[in-house]
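Visitor: Contents are mmCIF, C-alpha atoms; chains and numbers go by the auth columns; file name entry-v6.cif:
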```cif
data_structure
#
loop_
_atom_site.group_PDB
_atom_site.id
_atom_site.type_symbol
_atom_site.label_atom_id
_atom_site.label_comp_id
_atom_site.label_asym_id
_atom_site.label_seq_id
_atom_site.Cartn_x
_atom_site.Cartn_y
_atom_site.Cartn_z
_atom_site.B_iso_or_equiv
_atom_site.auth_seq_id
_atom_site.auth_asym_id
ATOM 1 C CA MET A 1 0.000 0.000 0.000 0.00 1 A
ATOM 2 C CA SER A 2 1.391 3.384 -0.934 0.00 2 A
ATOM 3 C CA VAL A 3 1.765 6.122 1.638 0.00 3 A
ATOM 4 C CA LEU A 4 -0.940 8.190 -0.085 0.00 4 A
ATOM 5 C CA ALA A 5 -3.378 5.261 -0.102 0.00 5 A
ATOM 6 C CA ALA A 6 -2.677 4.585 3.570 0.00 6 A
ATOM 7 C CA VAL A 7 -3.093 8.227 4.566 0.00 7 A
ATOM 8 C CA LEU A 8 -6.361 8.628 2.642 0.00 8 A
ATOM 9 C CA THR A 9 -7.691 5.351 4.009 0.00 9 A
ATOM 10 C CA ALA A 10 -6.761 6.383 7.557 0.00 10 A
ATOM 11 C CA LEU A 11 -8.499 9.727 6.996 0.00 11 A
ATOM 12 C CA VAL A 12 -11.705 7.908 6.082 0.00 12 A
ATOM 13 C CA GLY A 13 -11.314 5.857 9.256 0.00 13 A
ATOM 14 C CA LEU A 14 -10.821 8.975 11.388 0.00 14 A
ATOM 15 C CA ILE A 15 -13.877 10.621 9.844 0.00 15 A
ATOM 16 C CA HIS A 16 -15.906 7.591 10.834 0.00 16 A
ATOM 17 C CA VAL A 17 -14.473 7.479 14.348 0.00 17 A
ATOM 18 C CA TYR A 18 -15.734 11.053 14.700 0.00 18 A
ATOM 19 C CA VAL A 19 -19.142 10.046 13.306 0.00 19 A
ATOM 20 C CA VAL A 20 -19.323 7.151 15.784 0.00 20 A
ATOM 21 C CA VAL A 21 -18.638 9.550 18.659 0.00 21 A
ATOM 22 C CA LEU A 22 -21.200 12.035 17.363 0.00 22 A
ATOM 23 C CA GLU A 23 -23.893 9.392 16.938 0.00 23 A
ATOM 24 C CA MET A 24 -23.241 7.275 20.017 0.00 24 A
ATOM 25 C CA VAL A 25 -22.034 9.796 22.590 0.00 25 A
ATOM 26 C CA LEU A 26 -22.761 13.363 21.514 0.00 26 A
ATOM 27 C CA TRP A 27 -26.072 12.929 19.675 0.00 27 A
ATOM 28 C CA ASP A 28 -28.205 14.937 22.091 0.00 28 A
ATOM 29 C CA THR A 29 -25.546 17.491 23.032 0.00 29 A
ATOM 30 C CA PRO A 30 -25.265 20.912 21.386 0.00 30 A
ATOM 31 C CA ARG A 31 -22.325 19.641 19.275 0.00 31 A
ATOM 32 C CA GLY A 32 -24.220 16.585 18.076 0.00 32 A
ATOM 33 C CA ARG A 33 -27.383 18.551 17.360 0.00 33 A
ATOM 34 C CA ALA A 34 -25.397 21.146 15.403 0.00 34 A
ATOM 35 C CA ALA A 35 -23.674 18.470 13.322 0.00 35 A
ATOM 36 C CA PHE A 36 -26.955 16.861 12.319 0.00 36 A
ATOM 37 C CA GLY A 37 -29.265 19.889 12.457 0.00 37 A
ATOM 38 C CA THR A 38 -31.661 18.481 15.026 0.00 38 A
ATOM 39 C CA THR A 39 -33.657 20.100 17.771 0.00 39 A
ATOM 40 C CA PRO A 40 -33.341 18.937 21.384 0.00 40 A
ATOM 41 C CA GLU A 41 -36.687 17.164 20.997 0.00 41 A
ATOM 42 C CA GLN A 42 -35.655 15.401 17.777 0.00 42 A
ATOM 43 C CA ALA A 43 -32.321 14.356 19.279 0.00 43 A
ATOM 44 C CA SER A 44 -33.990 13.005 22.390 0.00 44 A
ATOM 45 C CA GLY A 45 -36.519 11.022 20.369 0.00 45 A
ATOM 46 C CA THR A 46 -33.932 9.535 18.031 0.00 46 A
ATOM 47 C CA LYS A 47 -31.044 8.912 20.413 0.00 47 A
ATOM 48 C CA VAL A 48 -31.352 5.106 20.340 0.00 48 A
ATOM 49 C CA LEU A 49 -31.641 5.069 16.546 0.00 49 A
ATOM 50 C CA ALA A 50 -28.559 7.285 16.241 0.00 50 A
ATOM 51 C CA ALA A 51 -26.582 5.014 18.558 0.00 51 A
ATOM 52 C CA ASN A 52 -27.535 2.040 16.396 0.00 52 A
ATOM 53 C CA GLN A 53 -26.356 3.923 13.313 0.00 53 A
ATOM 54 C CA GLY A 54 -23.164 4.822 15.148 0.00 54 A
ATOM 55 C CA LEU A 55 -22.538 1.153 15.826 0.00 55 A
ATOM 56 C CA TYR A 56 -22.763 0.412 12.098 0.00 56 A
ATOM 57 C CA ASN A 57 -20.292 3.218 11.424 0.00 57 A
ATOM 58 C CA GLY A 58 -18.055 1.549 14.002 0.00 58 A
ATOM 59 C CA PHE A 59 -18.028 -1.571 11.833 0.00 59 A
ATOM 60 C CA LEU A 60 -16.775 0.581 8.959 0.00 60 A
ATOM 61 C CA VAL A 61 -13.988 1.802 11.259 0.00 61 A
ATOM 62 C CA ALA A 62 -13.131 -1.829 12.006 0.00 62 A
ATOM 63 C CA GLY A 63 -12.905 -2.583 8.284 0.00 63 A
ATOM 64 C CA ILE A 64 -10.621 0.401 7.750 0.00 64 A
ATOM 65 C CA ALA A 65 -8.461 -0.682 10.684 0.00 65 A
ATOM 66 C CA LEU A 66 -8.111 -4.160 9.168 0.00 66 A
ATOM 67 C CA ALA A 67 -7.188 -2.529 5.850 0.00 67 A
ATOM 68 C CA LEU A 68 -4.381 -0.659 7.576 0.00 68 A
ATOM 69 C CA VAL A 69 -3.033 -3.120 10.149 0.00 69 A
ATOM 70 C CA GLY A 70 -4.742 -6.440 9.486 0.00 70 A
ATOM 71 C CA PRO A 71 -3.081 -9.455 7.924 0.00 71 A
ATOM 72 C CA GLN A 72 -0.874 -8.201 5.081 0.00 72 A
ATOM 73 C CA ALA A 73 -2.367 -10.622 2.558 0.00 73 A
ATOM 74 C CA HIS A 74 -5.890 -9.306 3.190 0.00 74 A
ATOM 75 C CA ARG A 75 -5.366 -5.558 3.624 0.00 75 A
ATOM 76 C CA PHE A 76 -6.169 -4.681 0.019 0.00 76 A
ATOM 77 C CA ALA A 77 -9.412 -6.687 0.093 0.00 77 A
ATOM 78 C CA PHE A 78 -10.475 -5.056 3.366 0.00 78 A
ATOM 79 C CA ALA A 79 -9.642 -1.629 1.953 0.00 79 A
ATOM 80 C CA VAL A 80 -11.548 -2.077 -1.297 0.00 80 A
ATOM 81 C CA PHE A 81 -14.592 -3.631 0.339 0.00 81 A
ATOM 82 C CA THR A 82 -14.840 -1.157 3.212 0.00 82 A
ATOM 83 C CA LEU A 83 -14.124 1.953 1.145 0.00 83 A
ATOM 84 C CA ALA A 84 -16.710 0.837 -1.420 0.00 84 A
ATOM 85 C CA CYS A 85 -19.234 0.371 1.407 0.00 85 A
ATOM 86 C CA VAL A 86 -18.468 3.863 2.717 0.00 86 A
ATOM 87 C CA ALA A 87 -18.860 5.360 -0.767 0.00 87 A
ATOM 88 C CA VAL A 88 -22.180 3.608 -1.409 0.00 88 A
ATOM 89 C CA ALA A 89 -23.506 4.592 2.014 0.00 89 A
ATOM 90 C CA GLY A 90 -22.419 8.170 1.330 0.00 90 A
ATOM 91 C CA ILE A 91 -24.221 8.246 -2.009 0.00 91 A
ATOM 92 C CA TYR A 92 -27.368 6.892 -0.390 0.00 92 A
ATOM 93 C CA GLY A 93 -27.087 9.426 2.421 0.00 93 A
ATOM 94 C CA ALA A 94 -26.585 12.252 -0.067 0.00 94 A
ATOM 95 C CA LEU A 95 -29.695 11.199 -1.968 0.00 95 A
ATOM 96 C CA THR A 96 -31.886 10.699 1.094 0.00 96 A
ATOM 97 C CA VAL A 97 -30.590 12.993 3.840 0.00 97 A
ATOM 98 C CA SER A 98 -28.168 15.736 2.784 0.00 98 A
ATOM 99 C CA ARG A 99 -25.929 16.445 -0.183 0.00 99 A
ATOM 100 C CA ARG A 100 -23.259 17.438 2.312 0.00 100 A
ATOM 101 C CA ILE A 101 -22.715 13.739 3.011 0.00 101 A
ATOM 102 C CA LEU A 102 -21.367 13.421 -0.513 0.00 102 A
ATOM 103 C CA LEU A 103 -18.481 15.741 0.360 0.00 103 A
ATOM 104 C CA VAL A 104 -17.867 14.512 3.891 0.00 104 A
ATOM 105 C CA GLN A 105 -18.153 10.774 3.299 0.00 105 A
ATOM 106 C CA THR A 106 -18.236 9.797 -0.370 0.00 106 A
ATOM 107 C CA VAL A 107 -15.467 11.972 -1.804 0.00 107 A
ATOM 108 C CA PRO A 108 -12.823 10.914 0.767 0.00 108 A
ATOM 109 C CA ALA A 109 -13.815 7.256 0.358 0.00 109 A
ATOM 110 C CA VAL A 110 -13.616 7.401 -3.432 0.00 110 A
ATOM 111 C CA LEU A 111 -10.253 9.176 -3.318 0.00 111 A
ATOM 112 C CA ALA A 112 -8.905 6.551 -0.914 0.00 112 A
ATOM 113 C CA LEU A 113 -10.339 3.755 -3.054 0.00 113 A
ATOM 114 C CA VAL A 114 -8.739 5.147 -6.210 0.00 114 A
ATOM 115 C CA ALA A 115 -5.431 5.502 -4.366 0.00 115 A
ATOM 116 C CA GLN A 116 -5.684 1.902 -3.175 0.00 116 A
ATOM 117 C CA LEU A 117 -6.399 0.638 -6.692 0.00 117 A
ATOM 118 C CA LEU A 118 -3.560 2.674 -8.220 0.00 118 A
ATOM 119 C CA ALA A 119 -1.145 1.474 -5.551 0.00 119 A
ATOM 120 C CA ARG A 120 -1.931 -2.139 -6.334 0.00 120 A
#
```
With the file now loaded, output its structure as structure tokens.
Guide:
Amino acid sequence: MSVLAAVLTALVGLIHVYVVVLEMVLWDTPRGRAAFGTTPEQASGTKVLAANQGLYNGFLVAGIALALVGPQAHRFAFAVFTLACVAVAGIYGALTVSRRILLVQTVPAVLALVAQLLAR
């Protein structure tokens, strides 16, 4: 894996660590509400759903971690699969929730995926 591919892949992982924290820990705080544009009432009513979504984002972090430090023979496969999942989820989120997700989630994932493929 090239340095650029590793850095971009790690960046995607860090973005998702932040999302996990926002969704599982900070959802109903001012920071969490600002990030997702929710009112205190909306955040309170959706806290369990957000934590569940955060858990799924945590699985993406696990896939990225395996791509970076997992068994050498499987790192590329973990990277391609997980980055593709992130990109698809980002496209879906952009279509159904906010176009901003395209920039925050999809673009970094696609850049990392391209870097991974070029480094191969």
Visitor: Determine the residue set returned by the PyMOL selection byres ((chain A and resi 78-82) around 8) for the present structure, and present it as a ChimeraX atom specification.
Guide: /A:9,60,63-64,66-68,74-77,83-86,113,116-117
Visitor: Could you write out as an MDAnalysis selection string the residues that the PyMOL selection byres ((chain A and resi 119) around 10) matches in the shown file?
Guide: chainID A and resid 1:6 76 113:118 120
Visitor: I'd like the interatomic distance between atom CA of Pro108 of chain A and atom CA of Val48 of chain A, to a tenth of an Å.
Guide: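 According to the coordinates, atom CA of Pro108 of chain A and atom CA of Val48 of chain A are separated by 27.6 Å.
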Visitor: Report as a count of residues only all protein, DNA and RNA residues lying within 9 Å of Val17 of chain A, evaluated on all atoms listed in the file, omitting residues in the same chain fewer than 5 positions from it.
Guide: 5
Visitor: Written as a list in words, which residues does the PyMOL selection byres ((chain A and resi 104) around 12) give for the file shown?
Guide: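 Checked against the file, the PyMOL selection byres ((chain A and resi 104) around 12) matches Leu11, Val12, Leu14, Ile15, His16, Tyr18, Val19, Ala35, Val86, Ala87, Ala89, Gly90, Ile91, Gly93, Ala94, Ser98, Arg99, Arg100, Ile101, Leu102, Leu103, Gln105, Thr106, Val107, Pro108, Ala109, Val110 and Leu111 of chain A.
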Visitor: Please provide the set of residues having any atom within 12 Å of Gly45 of chain A, restricted to only C-alpha atoms, with same-chain residues fewer than 6 positions apart removed, written as a CSV table (one decimal) with C-alpha atoms, in the coordinates of the input.
Guide:
```csv
chain,number,residue,atom,x,y,z
A,27,TRP,CA,-26.1,12.9,19.7
A,28,ASP,CA,-28.2,14.9,22.1
A,38,THR,CA,-31.7,18.5,15.0
A,39,THR,CA,-33.7,20.1,17.8
A,51,ALA,CA,-26.6,5.0,18.6
```
Visitor: As lines of an AutoDock Vina configuration file, please report the centre and edge lengths, rounded to one decimal in Å, of the axis-aligned box that holds all listed atoms of segment 50-59 of chain A with 5 Å of padding on each of the six sides.
Guide:
```
center_x = -23.3
center_y = 2.9
center_z = 15.0
size_x = 20.5
size_y = 18.9
size_z = 17.1
```
Visitor: What is the distance, in Å and to one decimal place, between atom CA of Leu55 of chain A and atom CA of Gln72 of chain A?
Guide: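 Separation between atom CA of Leu55 of chain A and atom CA of Gln72 of chain A: 25.9 Å.
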Visitor: To one decimal in Å, tell me the separation between atom CA of Lys47 of chain A and atom CA of Ala34 of chain A.
Guide: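 Separating atom CA of Lys47 of chain A from atom CA of Ala34 of chain A is a distance of 14.4 Å.
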Visitor: Could you rebuild segment 8-32 of chain A with N, CA and C atoms and give me the result as a short mmCIF file (atom, residue, chain, number, x, y, z; two decimals), keeping the file's coordinate frame?
Guide:
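Writing done, so here's part.cif:
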```cif
data_model
loop_
_atom_site.label_atom_id
_atom_site.label_comp_id
_atom_site.auth_asym_id
_atom_site.auth_seq_id
_atom_site.Cartn_x
_atom_site.Cartn_y
_atom_site.Cartn_z
N LEU A 8 -4.96 8.37 3.00
CA LEU A 8 -6.36 8.63 2.64
C LEU A 8 -7.30 7.62 3.30
N THR A 9 -6.87 6.38 3.36
CA THR A 9 -7.69 5.35 4.01
C THR A 9 -7.82 5.64 5.51
N ALA A 10 -6.72 6.03 6.13
CA ALA A 10 -6.76 6.38 7.56
C ALA A 10 -7.66 7.59 7.79
N LEU A 11 -7.63 8.55 6.88
CA LEU A 11 -8.50 9.73 7.00
C LEU A 11 -9.97 9.32 6.99
N VAL A 12 -10.33 8.41 6.10
CA VAL A 12 -11.70 7.91 6.08
C VAL A 12 -12.03 7.25 7.42
N GLY A 13 -11.10 6.48 7.95
CA GLY A 13 -11.31 5.86 9.26
C GLY A 13 -11.51 6.89 10.36
N LEU A 14 -10.69 7.93 10.36
CA LEU A 14 -10.82 8.98 11.39
C LEU A 14 -12.14 9.72 11.27
N ILE A 15 -12.57 9.98 10.05
CA ILE A 15 -13.88 10.62 9.84
C ILE A 15 -14.96 9.76 10.48
N HIS A 16 -14.87 8.47 10.29
CA HIS A 16 -15.91 7.59 10.83
C HIS A 16 -15.79 7.40 12.34
N VAL A 17 -14.60 7.48 12.88
CA VAL A 17 -14.47 7.48 14.35
C VAL A 17 -15.22 8.68 14.90
N TYR A 18 -15.04 9.83 14.26
CA TYR A 18 -15.73 11.05 14.70
C TYR A 18 -17.25 10.88 14.58
N VAL A 19 -17.70 10.27 13.49
CA VAL A 19 -19.14 10.05 13.31
C VAL A 19 -19.67 9.10 14.39
N VAL A 20 -18.92 8.07 14.71
CA VAL A 20 -19.32 7.15 15.78
C VAL A 20 -19.50 7.92 17.09
N VAL A 21 -18.55 8.76 17.42
CA VAL A 21 -18.64 9.55 18.66
C VAL A 21 -19.85 10.48 18.61
N LEU A 22 -20.04 11.14 17.48
CA LEU A 22 -21.20 12.04 17.36
C LEU A 22 -22.51 11.28 17.55
N GLU A 23 -22.63 10.12 16.90
CA GLU A 23 -23.89 9.39 16.94
C GLU A 23 -24.12 8.61 18.23
N MET A 24 -23.06 8.11 18.83
CA MET A 24 -23.24 7.28 20.02
C MET A 24 -23.08 8.02 21.34
N VAL A 25 -22.33 9.11 21.34
CA VAL A 25 -22.03 9.80 22.59
C VAL A 25 -22.59 11.22 22.61
N LEU A 26 -22.44 11.93 21.53
CA LEU A 26 -22.76 13.36 21.51
C LEU A 26 -24.09 13.71 20.84
N TRP A 27 -24.87 12.72 20.47
CA TRP A 27 -26.07 12.93 19.68
C TRP A 27 -26.99 14.01 20.23
N ASP A 28 -27.25 13.98 21.52
CA ASP A 28 -28.20 14.94 22.09
C ASP A 28 -27.52 16.12 22.79
N THR A 29 -26.25 16.32 22.50
CA THR A 29 -25.55 17.49 23.03
C THR A 29 -25.60 18.62 21.98
N PRO A 30 -25.27 19.82 22.38
CA PRO A 30 -25.26 20.91 21.39
C PRO A 30 -24.38 20.60 20.17
N ARG A 31 -23.22 19.97 20.39
CA ARG A 31 -22.32 19.64 19.27
C ARG A 31 -22.97 18.64 18.34
N GLY A 32 -23.56 17.60 18.89
CA GLY A 32 -24.22 16.58 18.08
C GLY A 32 -25.41 17.15 17.33
#
```
